[in-house]
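Here is the structure we will look at.
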Amino acid sequence: MITQEILNEYFGTTWNAAAEDWECTGLALLDIIPMDAKILDVGCGYNIFKEHFTNIIGIDPANDNADVVTTIEDYETDKKFDVALLLGSINFGSKEKITNQVEKIVSLMEDESEIIWRCNPGYYDHDNDECHILDFYPWTFNEMEEFAKSFNYNIVTMKMEKHLDHGRERLFSHWKK
C-alpha cells in the first residue's frame, strides 16, 4: 500500500512534469474555463494555472509552489468552487480511497459545477526508474462513468488524450452538474 509520504517524496523530488503540454488538460483549459471561475486545482504541482486565473487555489501535499501545501483529505475551507482540476492527482490507492477523495472534492463544489480530470489508467510509463513504486488506480471509461453518475455529474467529454511532447496517453473526462 502506498503512503502519502511515498507520494510526497516521489512528486516532491523525482517527478518533473510538463503539465501545460496536454492536448485537453494543459493550456487548452484556458479556452474552456471562464476567467472569473472559482477554481480548485487539486494536486497543482508547480501551480502553472495561477498566472492565468485570478480565482484559483492550488493545493498540493508535495510542492511548495501550491497556495496551500496539503492533501485533499486535509484541506479545509468555507469556499465553494465552480471548477475542480484533477490533473493526475486522484490516481493512487484503493477504490475506497479514491471515492473518499472525490466525495471531499464534490463537497467543495457549487451546486452547478465542473470537474476536469486527467487520470492515469495504470500505465507505469514515467521517464524515471522509480515510477514502479506508485500504486496507480486503474481508471477506465466505465469506472469514470460510474463515478460521475454516483456523484450526480454528467460527462460532457471523455477520451484518451495525448501529451503533445512525449505522446503518453491519459484518460480525460469533463464532468458538469
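Residues in the C-alpha cells are named by chain (A, B, ... in the order shown) and by number from 1 within that chain; ligands are numbered from 1 in the order shown.
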Taking 2 positions as the minimum chain separation for residues in the same chain, which residues sit within 10 Å of A:Lys162 when counting only C-alpha atoms? Answer as a ChimeraX atom specification. /A:21-25,159-160,164-172
Export C-alpha atoms of the chosen residues as a PDB file, in the first residue's frame?
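Printed below is again24.pdb as written:
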```
ATOM      1  CA  ASP A  21       1.597  20.258 -22.738  1.00  0.00           C
ATOM      2  CA  TRP A  22      -1.517  18.028 -22.683  1.00  0.00           C
ATOM      3  CA  GLU A  23      -3.923  18.405 -25.599  1.00  0.00           C
ATOM      4  CA  CYS A  24      -7.056  18.766 -23.395  1.00  0.00           C
ATOM      5  CA  THR A  25      -5.859  19.435 -19.854  1.00  0.00           C
ATOM      6  CA  LYS A 159     -11.498  10.360 -24.344  1.00  0.00           C
ATOM      7  CA  MET A 160      -7.872   9.373 -24.262  1.00  0.00           C
ATOM      8  CA  LEU A 164       1.932  16.919 -27.014  1.00  0.00           C
ATOM      9  CA  ASP A 165       5.644  16.303 -26.443  1.00  0.00           C
ATOM     10  CA  HIS A 166       6.120  12.652 -25.491  1.00  0.00           C
ATOM     11  CA  GLY A 167       2.842  11.121 -26.719  1.00  0.00           C
ATOM     12  CA  ARG A 168       1.809   9.374 -23.480  1.00  0.00           C
ATOM     13  CA  GLU A 169      -1.922   8.836 -23.146  1.00  0.00           C
ATOM     14  CA  ARG A 170      -4.183   9.538 -20.209  1.00  0.00           C
ATOM     15  CA  LEU A 171      -7.934   9.407 -19.680  1.00  0.00           C
ATOM     16  CA  PHE A 172      -9.525  12.853 -19.976  1.00  0.00           C
TER      17      PHE A 172
END
```
When you look at A:Met144 with a cut-off of 10 Å (counting only C-alpha atoms), what residues show up, excluding the ones that are within fewer than 4 positions of it in the same chain? I need them as a ChimeraX atom specification. /A:117,119,139-140,148-150,155,158,171-173,175
Those same residues, written as a compact mmCIF listing (two decimals), in the first residue's frame with all heavy atoms?
```txt
# COMPACT_ATOMS: atom_id res chain seq x y z
N TRP A 117 -10.80 16.20 -15.36
CA TRP A 117 -9.90 15.12 -14.96
C TRP A 117 -8.83 14.82 -16.01
O TRP A 117 -9.10 14.85 -17.20
CB TRP A 117 -10.68 13.82 -14.84
CG TRP A 117 -11.71 13.74 -13.78
CD1 TRP A 117 -12.95 14.31 -13.80
CD2 TRP A 117 -11.62 12.99 -12.58
NE1 TRP A 117 -13.63 13.95 -12.66
CE2 TRP A 117 -12.83 13.14 -11.90
CE3 TRP A 117 -10.62 12.19 -12.03
CZ2 TRP A 117 -13.08 12.54 -10.68
CZ3 TRP A 117 -10.86 11.60 -10.81
CH2 TRP A 117 -12.08 11.77 -10.15
N CYS A 119 -6.49 11.32 -15.83
CA CYS A 119 -6.20 10.15 -15.00
C CYS A 119 -5.26 9.20 -15.71
O CYS A 119 -5.39 8.96 -16.91
CB CYS A 119 -7.49 9.37 -14.70
SG CYS A 119 -8.72 10.32 -13.85
N TRP A 139 -7.90 3.43 -13.74
CA TRP A 139 -9.04 4.13 -14.32
C TRP A 139 -9.41 3.57 -15.69
O TRP A 139 -8.54 3.30 -16.51
CB TRP A 139 -8.75 5.62 -14.47
CG TRP A 139 -8.80 6.39 -13.20
CD1 TRP A 139 -7.74 6.86 -12.48
CD2 TRP A 139 -9.97 6.77 -12.49
NE1 TRP A 139 -8.18 7.51 -11.36
CE2 TRP A 139 -9.55 7.48 -11.34
CE3 TRP A 139 -11.34 6.59 -12.70
CZ2 TRP A 139 -10.44 8.00 -10.42
CZ3 TRP A 139 -12.23 7.11 -11.78
CH2 TRP A 139 -11.78 7.81 -10.65
N THR A 140 -10.72 3.41 -15.92
CA THR A 140 -11.25 3.01 -17.22
C THR A 140 -12.40 3.96 -17.55
O THR A 140 -12.89 4.69 -16.67
CB THR A 140 -11.80 1.57 -17.20
OG1 THR A 140 -12.93 1.52 -16.31
CG2 THR A 140 -10.73 0.56 -16.77
N ALA A 148 -18.89 9.39 -12.03
CA ALA A 148 -19.66 10.60 -12.37
C ALA A 148 -21.12 10.42 -11.98
O ALA A 148 -21.72 11.29 -11.33
CB ALA A 148 -19.53 10.90 -13.87
N LYS A 149 -21.69 9.30 -12.35
CA LYS A 149 -23.10 9.02 -12.04
C LYS A 149 -23.34 8.97 -10.53
O LYS A 149 -24.31 9.54 -10.03
CB LYS A 149 -23.51 7.70 -12.69
CG LYS A 149 -24.97 7.38 -12.53
CD LYS A 149 -25.33 6.10 -13.26
CE LYS A 149 -26.81 5.80 -13.10
NZ LYS A 149 -27.19 4.58 -13.80
N SER A 150 -22.44 8.35 -9.80
CA SER A 150 -22.64 8.22 -8.35
C SER A 150 -22.57 9.57 -7.62
O SER A 150 -23.12 9.71 -6.54
CB SER A 150 -21.64 7.23 -7.74
OG SER A 150 -20.34 7.76 -7.75
N ILE A 155 -21.15 13.44 -17.79
CA ILE A 155 -19.89 13.54 -18.53
C ILE A 155 -20.15 14.26 -19.84
O ILE A 155 -20.98 13.83 -20.64
CB ILE A 155 -19.27 12.16 -18.76
CG1 ILE A 155 -18.87 11.54 -17.41
CG2 ILE A 155 -18.07 12.25 -19.70
CD1 ILE A 155 -18.27 10.16 -17.50
N MET A 158 -15.28 12.62 -22.81
CA MET A 158 -14.36 11.63 -22.24
C MET A 158 -13.62 10.99 -23.41
O MET A 158 -14.25 10.56 -24.39
CB MET A 158 -15.09 10.58 -21.41
CG MET A 158 -14.14 9.64 -20.71
SD MET A 158 -14.87 8.70 -19.34
CE MET A 158 -16.32 7.99 -20.06
N LEU A 171 -6.49 9.27 -19.55
CA LEU A 171 -7.93 9.41 -19.68
C LEU A 171 -8.31 10.83 -19.30
O LEU A 171 -7.97 11.31 -18.22
CB LEU A 171 -8.61 8.40 -18.76
CG LEU A 171 -10.11 8.20 -18.94
CD1 LEU A 171 -10.50 6.80 -18.53
CD2 LEU A 171 -10.91 9.21 -18.17
N PHE A 172 -9.01 11.51 -20.21
CA PHE A 172 -9.53 12.85 -19.98
C PHE A 172 -11.04 12.75 -19.81
O PHE A 172 -11.72 12.07 -20.58
CB PHE A 172 -9.19 13.75 -21.16
CG PHE A 172 -10.01 15.02 -21.21
CD1 PHE A 172 -9.80 16.02 -20.29
CD2 PHE A 172 -10.99 15.19 -22.17
CE1 PHE A 172 -10.55 17.20 -20.33
CE2 PHE A 172 -11.75 16.36 -22.23
CZ PHE A 172 -11.52 17.36 -21.30
N SER A 173 -11.57 13.42 -18.79
CA SER A 173 -13.01 13.46 -18.58
C SER A 173 -13.40 14.82 -18.06
O SER A 173 -12.72 15.40 -17.22
CB SER A 173 -13.43 12.36 -17.59
OG SER A 173 -14.83 12.27 -17.52
N TRP A 175 -16.64 16.64 -16.39
CA TRP A 175 -17.95 16.47 -15.77
C TRP A 175 -18.62 17.83 -15.58
O TRP A 175 -17.95 18.82 -15.30
CB TRP A 175 -17.81 15.88 -14.38
CG TRP A 175 -17.24 14.52 -14.23
CD1 TRP A 175 -16.71 13.70 -15.18
CD2 TRP A 175 -17.14 13.82 -12.99
NE1 TRP A 175 -16.29 12.53 -14.61
CE2 TRP A 175 -16.53 12.57 -13.27
CE3 TRP A 175 -17.50 14.10 -11.68
CZ2 TRP A 175 -16.27 11.63 -12.28
CZ3 TRP A 175 -17.23 13.17 -10.69
CH2 TRP A 175 -16.64 11.95 -10.99
```
So which residues of chain A fall under alpha helix (DSSP H) by DSSP, listed as a list of chain:residue names?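 Alpha helix (DSSP H) assignments inside chain A correspond to A:Gln4, A:Glu5, A:Ile6, A:Leu7, A:Asn8, A:Glu9, A:Lys95, A:Glu96, A:Lys97, A:Ile98, A:Thr99, A:Asn100, A:Gln101, A:Val102, A:Glu103, A:Lys104, A:Ile105, A:Val106, A:Ser107, A:Phe141, A:Asn142, A:Glu143, A:Met144, A:Glu145, A:Glu146, A:Phe147, A:Ala148, A:Lys149, A:Ser150.
Residues in contact range of A:Phe53, defined as at most 12 Å between only C-alpha atoms, with sequence neighbours fewer than 2 positions away removed, read A:Leu27, A:Leu29, A:Leu30, A:Asp31, A:Ile33, A:Pro34, A:Met35, A:Asp36, A:Ala37, A:Lys38, A:Ile39, A:Leu40, A:Asp41, A:Asn47, A:Ile48, A:Phe49, A:Lys50, A:Glu51, A:Asn55, A:Ile56, A:Ile57, A:Gly58, A:Val83.
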Separation of atom CA of A:Asn154 and atom CA of A:Asp74, in Å?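 Here the two named atoms are 26.8 Å from each other.
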Suppose you want the space between atom CA of A:Phe92 and atom CA of A:Thr3; what is it in Å?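 Atom-to-atom, atom CA of A:Phe92 to atom CA of A:Thr3, that is 9.4 Å.
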